[in-house]
Amino acid sequence: MPHHSLLDLALVRLDEAAGYLEVDPDVIEKLQYPRETTKVRLMIRMDDGSRKSFLAWRCRYDDTRGPTKGGIRFHPDSNEDEVETLAFWMMFKCAVMNLPYGGGKGAVCVDPRKLSKAELERLSRAYIQAFARIVGPDRDIPAPDVYTNAMIMGWMADEYSQIVGQASPAVITGKPIALGGSVGRNDATARGGYYLVKDLASVLGLEGKMRVAIQGFGNAGQFIASLLAADSHQIVAVSDSTGAVYAPEGLDINLLLQTKADGLPVSSTAGRHGHQLINADDLVTIDADLLVPAALESMIHEGNASHIKAKVILELANGPITPEADKILAEKNITVLPDILANAGGVTVSYFEWVQNKQGYAWTLDEVHERLRTIMVREGRAIFNITQEKHVTWRTAAYIHALARLASAIEAHGTQSFFTS
Ligand code: GLU
């Protein structure tokens, strides 16, 4: 079998959507390659006095619809292909939500769990030193992603302000509230998905009490567990990078949150409150109504998709399902609420944070929630309508919806008709 990059697989979805729209060939030519990816080597001093270097990237995939936007990931498996693919997904995600942004992403190849806090701060500041000319409040706006958080965004915003010699909070989102962060950004990714499922429950066949399995227990996984448990849905299985627990009558979410806050894996709760240890690979096949992948890419693939029992999959992770698995799930009539819609609450509240920073005026939590809910419901229903009109999956519908916006922006910038007529 030929080797496909992650970006090749992502582009399958662009091609599919293009088949349903009359798009100018200029559009596809423009969207199938990342516009610029910068790779650097960050050198920092470790606590023991030694120097260590880390590969890092920032990709600005396309800025037709506005400054590029997207998180920075710190992960030992990060690589250029992954960064470019994540930036491609951000471009589509911002178009799905009609945010005035293009797509970007960054990463450092590092296991941050192996760094001290002081080393982590030096690495975060080194990232901004290296990319200070690439990022900017009207150019490229980073945010948190896997294994980065508000504290790291705070260090980065501070470093940028020092370099440019003035306060510049709008250069980065997901900051601590004390440094210009927005209320409601911390749980926004999960909350967006939660509003979506709640609004569409009847068309998804998810009315009443749900059994939920959650893969990944970081920011998105923990907050979706809390939001759904508060509505008395049962969280029956949860995994993290080291293991998984299962309880047919529902897991104790407070126990799990406390365990993670103490820096322990979810598996350490086994034996308490009815929690049973299960194999992390089996989590996706648990008998549940809703499956929530909230970890990394390609976790649902040809090898396990046919064993999934959930009715609906809410993709809070980016790219958790491969195109081959998509086909299997469609044949099994499992509805997939795709990442570029389902997890777009995060970047939507990032947008709110950027707007507040530019205005110098902070919104209330109720305002943030209400505006997020309005946008999730609006775009979710628009995509549902496309699934009905064109008889396509939710993913294809979301790509059609976004591609139409991208195409009209590219065509508005373009001058092809001037040369051909
Ligand atoms: N990293 C998040 C995502 O993948 C948020 C990006 C942002 O807020 O800019 O959507």
# chains A, B, ... in the order shown; residues from 1 in each chain; ligands from 1

call {"tool": "residues_near_ligand", "arguments": {"ligand": "ligand 1", "cutoff": "7 Å", "atoms": "only C-alpha atoms and all ligand atoms", "output": "list in words"}}
result
Lys69, Gly70, Gly71, Ile72, Met90, Ile141, Pro142, Ala143, Pro144, Asp145, Thr173, Gly174, Asn318, Asn343, Ala344, Gly346, Val347, Thr348 and Ser350 of chain A

call {"tool": "residues_around", "arguments": {"residues": "Leu179 of chain A", "least_positions_apart": "6", "cutoff": "9 Å", "atoms": "only C-alpha atoms", "output": "PyMOL selection string"}}
result
chain A and resi 154+157-158+169

call {"tool": "write_last_selection", "arguments": {"atoms": "C-alpha atoms", "output": "PDB file, in the first residue's frame"}}
result
ATOM      1  CA  GLY A 154       0.556  33.775  29.442  1.00  0.00           C
ATOM      2  CA  ALA A 157       1.986  36.705  25.424  1.00  0.00           C
ATOM      3  CA  ASP A 158       4.407  38.288  27.889  1.00  0.00           C
ATOM      4  CA  PRO A 169      -2.759  40.716  24.272  1.00  0.00           C
TER       5      PRO A 169
END

call {"tool": "closest_residue", "arguments": {"among": "A:Glu353, A:Asp231, A:Glu84, A:Glu36", "to": "Val171 of chain A", "atoms": "only C-alpha atoms"}}
result
A:Glu353

call {"tool": "closest_residue", "arguments": {"among": "A:Val183, A:Ala409, A:Met91, A:Val23", "to": "Lys105 of chain A", "atoms": "only C-alpha atoms"}}
result
A:Met91

call {"tool": "atom_distance", "arguments": {"atom1": "atom CA of Asp252 of chain A", "atom2": "atom CA of Leu341 of chain A"}}
result
28.8 Å

call {"tool": "residues_around", "arguments": {"residues": "Glu315 of chain A", "least_positions_apart": "6", "cutoff": "9 Å", "atoms": "only C-alpha atoms", "output": "PyMOL selection string"}}
result
chain A and resi 193+291-294+321+336-343

call {"tool": "closest_residue", "arguments": {"among": "A:Val83, A:Ala247, A:Ile383, A:Ala107", "to": "Ala56 of chain A", "atoms": "only C-alpha atoms"}}
result
A:Ala107

call {"tool": "closest_atom_pairs", "arguments": {"of": "segment 143-194 of chain A", "to": "segment 359-370 of chain A", "cutoff": "12 Å", "atoms": "only C-alpha atoms", "output": "JSON lines"}}
result
{"residue": "A:Ala167", "atom": "CA", "partner": "A:Gly360", "partner_atom": "CA", "distance": 11.6}
{"residue": "A:Ser168", "atom": "CA", "partner": "A:Gly360", "partner_atom": "CA", "distance": 11.1}
{"residue": "A:Pro169", "atom": "CA", "partner": "A:Gly360", "partner_atom": "CA", "distance": 9.7}
{"residue": "A:Ala170", "atom": "CA", "partner": "A:Gln359", "partner_atom": "CA", "distance": 9.9}
{"residue": "A:Ile177", "atom": "CA", "partner": "A:Ala362", "partner_atom": "CA", "distance": 10.0}
{"residue": "A:Ala178", "atom": "CA", "partner": "A:Ala362", "partner_atom": "CA", "distance": 11.5}
{"residue": "A:Leu179", "atom": "CA", "partner": "A:Ala362", "partner_atom": "CA", "distance": 11.8}
{"residue": "A:Gly180", "atom": "CA", "partner": "A:Ala362", "partner_atom": "CA", "distance": 8.4}
{"residue": "A:Gly181", "atom": "CA", "partner": "A:Ala362", "partner_atom": "CA", "distance": 9.1}
{"residue": "A:Ser182", "atom": "CA", "partner": "A:Ala362", "partner_atom": "CA", "distance": 7.3}
{"residue": "A:Val183", "atom": "CA", "partner": "A:Leu365", "partner_atom": "CA", "distance": 5.7}
{"residue": "A:Gly184", "atom": "CA", "partner": "A:Leu365", "partner_atom": "CA", "distance": 6.0}
{"residue": "A:Arg185", "atom": "CA", "partner": "A:Val368", "partner_atom": "CA", "distance": 8.7}
{"residue": "A:Asn186", "atom": "CA", "partner": "A:Leu365", "partner_atom": "CA", "distance": 11.4}
{"residue": "A:Asp187", "atom": "CA", "partner": "A:His369", "partner_atom": "CA", "distance": 10.4}
{"residue": "A:Ala188", "atom": "CA", "partner": "A:His369", "partner_atom": "CA", "distance": 8.6}
{"residue": "A:Thr189", "atom": "CA", "partner": "A:His369", "partner_atom": "CA", "distance": 11.7}
{"residue": "A:Ala190", "atom": "CA", "partner": "A:His369", "partner_atom": "CA", "distance": 12.0}
{"residue": "A:Arg191", "atom": "CA", "partner": "A:His369", "partner_atom": "CA", "distance": 8.5}
{"residue": "A:Gly192", "atom": "CA", "partner": "A:His369", "partner_atom": "CA", "distance": 9.0}
{"residue": "A:Tyr194", "atom": "CA", "partner": "A:His369", "partner_atom": "CA", "distance": 11.5}

call {"tool": "residues_around", "arguments": {"residues": "segment 275-289 of chain A", "least_positions_apart": "4", "cutoff": "8 Å", "atoms": "only C-alpha atoms", "output": "ChimeraX atom specification"}}
result
/A:206,210-215,236-240,242-247,251,267,269-271,300,304,307-312

call {"tool": "write_last_selection", "arguments": {"atoms": "N, CA and C atoms", "output": "PDB file, in the first residue's frame"}}
result
ATOM      1  N   LEU A 206     -30.860  10.970  20.151  1.00  0.00           N
ATOM      2  CA  LEU A 206     -30.184  10.916  21.457  1.00  0.00           C
ATOM      3  C   LEU A 206     -31.030  11.533  22.560  1.00  0.00           C
ATOM      4  N   MET A 210     -28.201   9.402  28.285  1.00  0.00           N
ATOM      5  CA  MET A 210     -27.223   8.754  27.396  1.00  0.00           C
ATOM      6  C   MET A 210     -26.135   8.050  28.203  1.00  0.00           C
ATOM      7  N   ARG A 211     -25.618   6.973  27.587  1.00  0.00           N
ATOM      8  CA  ARG A 211     -24.392   6.349  28.084  1.00  0.00           C
ATOM      9  C   ARG A 211     -23.254   6.867  27.201  1.00  0.00           C
ATOM     10  N   VAL A 212     -22.197   7.370  27.843  1.00  0.00           N
ATOM     11  CA  VAL A 212     -21.147   8.082  27.111  1.00  0.00           C
ATOM     12  C   VAL A 212     -19.784   7.459  27.395  1.00  0.00           C
ATOM     13  N   ALA A 213     -18.971   7.273  26.344  1.00  0.00           N
ATOM     14  CA  ALA A 213     -17.582   6.832  26.499  1.00  0.00           C
ATOM     15  C   ALA A 213     -16.674   7.942  25.984  1.00  0.00           C
ATOM     16  N   ILE A 214     -15.634   8.257  26.731  1.00  0.00           N
ATOM     17  CA  ILE A 214     -14.758   9.387  26.391  1.00  0.00           C
ATOM     18  C   ILE A 214     -13.319   8.907  26.269  1.00  0.00           C
ATOM     19  N   GLN A 215     -12.748   9.121  25.087  1.00  0.00           N
ATOM     20  CA  GLN A 215     -11.353   8.726  24.856  1.00  0.00           C
ATOM     21  C   GLN A 215     -10.466   9.964  25.002  1.00  0.00           C
ATOM     22  N   VAL A 236     -19.726   6.164  31.142  1.00  0.00           N
ATOM     23  CA  VAL A 236     -19.452   4.768  31.502  1.00  0.00           C
ATOM     24  C   VAL A 236     -17.998   4.362  31.299  1.00  0.00           C
ATOM     25  N   ALA A 237     -17.251   5.092  30.469  1.00  0.00           N
ATOM     26  CA  ALA A 237     -15.844   4.735  30.264  1.00  0.00           C
ATOM     27  C   ALA A 237     -15.028   5.969  29.912  1.00  0.00           C
ATOM     28  N   VAL A 238     -13.805   5.994  30.418  1.00  0.00           N
ATOM     29  CA  VAL A 238     -12.896   7.117  30.184  1.00  0.00           C
ATOM     30  C   VAL A 238     -11.486   6.553  30.050  1.00  0.00           C
ATOM     31  N   SER A 239     -10.694   7.125  29.119  1.00  0.00           N
ATOM     32  CA  SER A 239      -9.302   6.680  29.007  1.00  0.00           C
ATOM     33  C   SER A 239      -8.374   7.890  29.003  1.00  0.00           C
ATOM     34  N   ASP A 240      -7.094   7.654  29.299  1.00  0.00           N
ATOM     35  CA  ASP A 240      -6.070   8.666  29.037  1.00  0.00           C
ATOM     36  C   ASP A 240      -4.904   7.951  28.351  1.00  0.00           C
ATOM     37  N   THR A 242      -2.460   6.465  29.338  1.00  0.00           N
ATOM     38  CA  THR A 242      -1.870   5.285  29.984  1.00  0.00           C
ATOM     39  C   THR A 242      -2.855   4.161  30.291  1.00  0.00           C
ATOM     40  N   GLY A 243      -4.171   4.382  30.191  1.00  0.00           N
ATOM     41  CA  GLY A 243      -5.111   3.306  30.501  1.00  0.00           C
ATOM     42  C   GLY A 243      -6.546   3.788  30.478  1.00  0.00           C
ATOM     43  N   ALA A 244      -7.464   2.889  30.917  1.00  0.00           N
ATOM     44  CA  ALA A 244      -8.886   3.230  30.851  1.00  0.00           C
ATOM     45  C   ALA A 244      -9.644   2.589  32.009  1.00  0.00           C
ATOM     46  N   VAL A 245     -10.757   3.223  32.387  1.00  0.00           N
ATOM     47  CA  VAL A 245     -11.653   2.643  33.399  1.00  0.00           C
ATOM     48  C   VAL A 245     -13.082   2.626  32.874  1.00  0.00           C
ATOM     49  N   TYR A 246     -13.858   1.677  33.420  1.00  0.00           N
ATOM     50  CA  TYR A 246     -15.218   1.420  32.956  1.00  0.00           C
ATOM     51  C   TYR A 246     -16.098   1.161  34.159  1.00  0.00           C
ATOM     52  N   ALA A 247     -17.312   1.682  34.131  1.00  0.00           N
ATOM     53  CA  ALA A 247     -18.304   1.364  35.169  1.00  0.00           C
ATOM     54  C   ALA A 247     -19.674   1.387  34.510  1.00  0.00           C
ATOM     55  N   LEU A 251     -19.282   6.230  35.888  1.00  0.00           N
ATOM     56  CA  LEU A 251     -18.060   6.516  36.651  1.00  0.00           C
ATOM     57  C   LEU A 251     -18.294   7.704  37.576  1.00  0.00           C
ATOM     58  N   SER A 267      -6.491   5.306  35.365  1.00  0.00           N
ATOM     59  CA  SER A 267      -6.461   3.893  35.772  1.00  0.00           C
ATOM     60  C   SER A 267      -6.221   3.736  37.271  1.00  0.00           C
ATOM     61  N   THR A 269      -7.842   4.962  39.552  1.00  0.00           N
ATOM     62  CA  THR A 269      -9.107   4.920  40.298  1.00  0.00           C
ATOM     63  C   THR A 269      -9.722   3.515  40.289  1.00  0.00           C
ATOM     64  N   ALA A 270      -9.111   2.564  39.562  1.00  0.00           N
ATOM     65  CA  ALA A 270      -9.665   1.196  39.472  1.00  0.00           C
ATOM     66  C   ALA A 270      -9.831   0.599  40.865  1.00  0.00           C
ATOM     67  N   GLY A 271     -10.975  -0.090  41.051  1.00  0.00           N
ATOM     68  CA  GLY A 271     -11.238  -0.717  42.348  1.00  0.00           C
ATOM     69  C   GLY A 271     -12.023   0.186  43.281  1.00  0.00           C
ATOM     70  N   ILE A 300      -9.445   6.150  15.524  1.00  0.00           N
ATOM     71  CA  ILE A 300     -10.490   5.263  14.995  1.00  0.00           C
ATOM     72  C   ILE A 300     -10.142   5.014  13.531  1.00  0.00           C
ATOM     73  N   ASN A 304     -10.540  -0.854  13.961  1.00  0.00           N
ATOM     74  CA  ASN A 304     -11.477  -0.905  15.092  1.00  0.00           C
ATOM     75  C   ASN A 304     -12.856  -0.310  14.779  1.00  0.00           C
ATOM     76  N   HIS A 307     -16.104  -2.334  15.063  1.00  0.00           N
ATOM     77  CA  HIS A 307     -16.531  -2.811  16.387  1.00  0.00           C
ATOM     78  C   HIS A 307     -17.231  -1.741  17.214  1.00  0.00           C
ATOM     79  N   ILE A 308     -17.377  -0.544  16.644  1.00  0.00           N
ATOM     80  CA  ILE A 308     -17.980   0.549  17.415  1.00  0.00           C
ATOM     81  C   ILE A 308     -19.489   0.334  17.538  1.00  0.00           C
ATOM     82  N   LYS A 309     -20.019   0.550  18.749  1.00  0.00           N
ATOM     83  CA  LYS A 309     -21.451   0.318  18.999  1.00  0.00           C
ATOM     84  C   LYS A 309     -22.221   1.610  19.210  1.00  0.00           C
ATOM     85  N   ALA A 310     -21.511   2.731  19.370  1.00  0.00           N
ATOM     86  CA  ALA A 310     -22.193   4.004  19.654  1.00  0.00           C
ATOM     87  C   ALA A 310     -23.095   4.401  18.483  1.00  0.00           C
ATOM     88  N   LYS A 311     -24.148   5.188  18.801  1.00  0.00           N
ATOM     89  CA  LYS A 311     -25.036   5.717  17.760  1.00  0.00           C
ATOM     90  C   LYS A 311     -24.415   6.944  17.101  1.00  0.00           C
ATOM     91  N   VAL A 312     -23.761   7.734  17.960  1.00  0.00           N
ATOM     92  CA  VAL A 312     -23.218   9.024  17.502  1.00  0.00           C
ATOM     93  C   VAL A 312     -21.798   9.182  18.024  1.00  0.00           C
TER      94      VAL A 312
END

call {"tool": "closest_residue", "arguments": {"among": "A:Phe131, A:Ser5, A:Asn333, A:Lys93", "to": "Ala398 of chain A", "atoms": "only C-alpha atoms"}}
result
A:Lys93

call {"tool": "select_by_dssp", "arguments": {"residues": "segment 256-302 of chain A", "states": "alpha helix (DSSP H)", "output": "PyMOL selection string"}}
result
chain A and resi 256-261

call {"tool": "write_last_selection", "arguments": {"atoms": "all heavy atoms", "output": "mmCIF file, in the first residue's frame"}}
result
data_model
loop_
_atom_site.group_PDB
_atom_site.id
_atom_site.type_symbol
_atom_site.label_atom_id
_atom_site.label_comp_id
_atom_site.auth_asym_id
_atom_site.auth_seq_id
_atom_site.Cartn_x
_atom_site.Cartn_y
_atom_site.Cartn_z
ATOM 1 N N LEU A 256 -12.512 11.182 39.257
ATOM 2 C CA LEU A 256 -11.595 11.211 38.110
ATOM 3 C C LEU A 256 -10.936 12.585 37.950
ATOM 4 O O LEU A 256 -9.735 12.678 37.674
ATOM 5 C CB LEU A 256 -12.348 10.844 36.824
ATOM 6 C CG LEU A 256 -12.729 9.367 36.689
ATOM 7 C CD1 LEU A 256 -13.738 9.178 35.565
ATOM 8 C CD2 LEU A 256 -11.484 8.518 36.417
ATOM 9 N N LEU A 257 -11.706 13.645 38.138
ATOM 10 C CA LEU A 257 -11.145 14.999 37.990
ATOM 11 C C LEU A 257 -10.095 15.247 39.069
ATOM 12 O O LEU A 257 -9.026 15.801 38.801
ATOM 13 C CB LEU A 257 -12.264 16.051 38.091
ATOM 14 C CG LEU A 257 -13.290 16.032 36.954
ATOM 15 C CD1 LEU A 257 -14.409 17.045 37.225
ATOM 16 C CD2 LEU A 257 -12.642 16.328 35.597
ATOM 17 N N GLN A 258 -10.400 14.812 40.297
ATOM 18 C CA GLN A 258 -9.456 14.999 41.394
ATOM 19 C C GLN A 258 -8.167 14.210 41.126
ATOM 20 O O GLN A 258 -7.064 14.689 41.347
ATOM 21 C CB GLN A 258 -10.095 14.568 42.726
ATOM 22 C CG GLN A 258 -9.266 14.932 43.947
ATOM 23 C CD GLN A 258 -8.916 16.428 43.982
ATOM 24 O OE1 GLN A 258 -9.793 17.291 43.876
ATOM 25 N NE2 GLN A 258 -7.622 16.740 44.078
ATOM 26 N N THR A 259 -8.336 12.993 40.595
ATOM 27 C CA THR A 259 -7.194 12.135 40.292
ATOM 28 C C THR A 259 -6.280 12.798 39.268
ATOM 29 O O THR A 259 -5.051 12.829 39.429
ATOM 30 C CB THR A 259 -7.704 10.772 39.764
ATOM 31 O OG1 THR A 259 -8.560 10.209 40.764
ATOM 32 C CG2 THR A 259 -6.573 9.815 39.455
ATOM 33 N N LYS A 260 -6.881 13.375 38.194
ATOM 34 C CA LYS A 260 -6.065 14.052 37.177
ATOM 35 C C LYS A 260 -5.405 15.305 37.758
ATOM 36 O O LYS A 260 -4.257 15.602 37.451
ATOM 37 C CB LYS A 260 -6.922 14.438 35.963
ATOM 38 C CG LYS A 260 -7.396 13.272 35.113
ATOM 39 C CD LYS A 260 -6.272 12.385 34.618
ATOM 40 C CE LYS A 260 -5.687 12.802 33.297
ATOM 41 N NZ LYS A 260 -4.776 11.775 32.716
ATOM 42 N N ALA A 261 -6.145 16.027 38.615
ATOM 43 C CA ALA A 261 -5.575 17.236 39.230
ATOM 44 C C ALA A 261 -4.369 16.869 40.099
ATOM 45 O O ALA A 261 -3.432 17.663 40.239
ATOM 46 C CB ALA A 261 -6.642 17.951 40.058
#

call {"tool": "closest_residue", "arguments": {"among": "A:Ser232, A:Tyr147, A:Ile134, A:Gly380", "to": "Arg113 of chain A", "atoms": "only C-alpha atoms"}}
result
A:Tyr147

call {"tool": "closest_residue", "arguments": {"among": "A:Ala150, A:Gln388, A:Val96, A:Tyr399", "to": "Gly345 of chain A", "atoms": "only C-alpha atoms"}}
result
A:Val96

call {"tool": "select_by_dssp", "arguments": {"residues": "segment 42-94 of chain A", "states": "strand (DSSP E or B)", "output": "PyMOL selection string"}}
result
chain A and resi 42-45+51-62+68-69+72-75
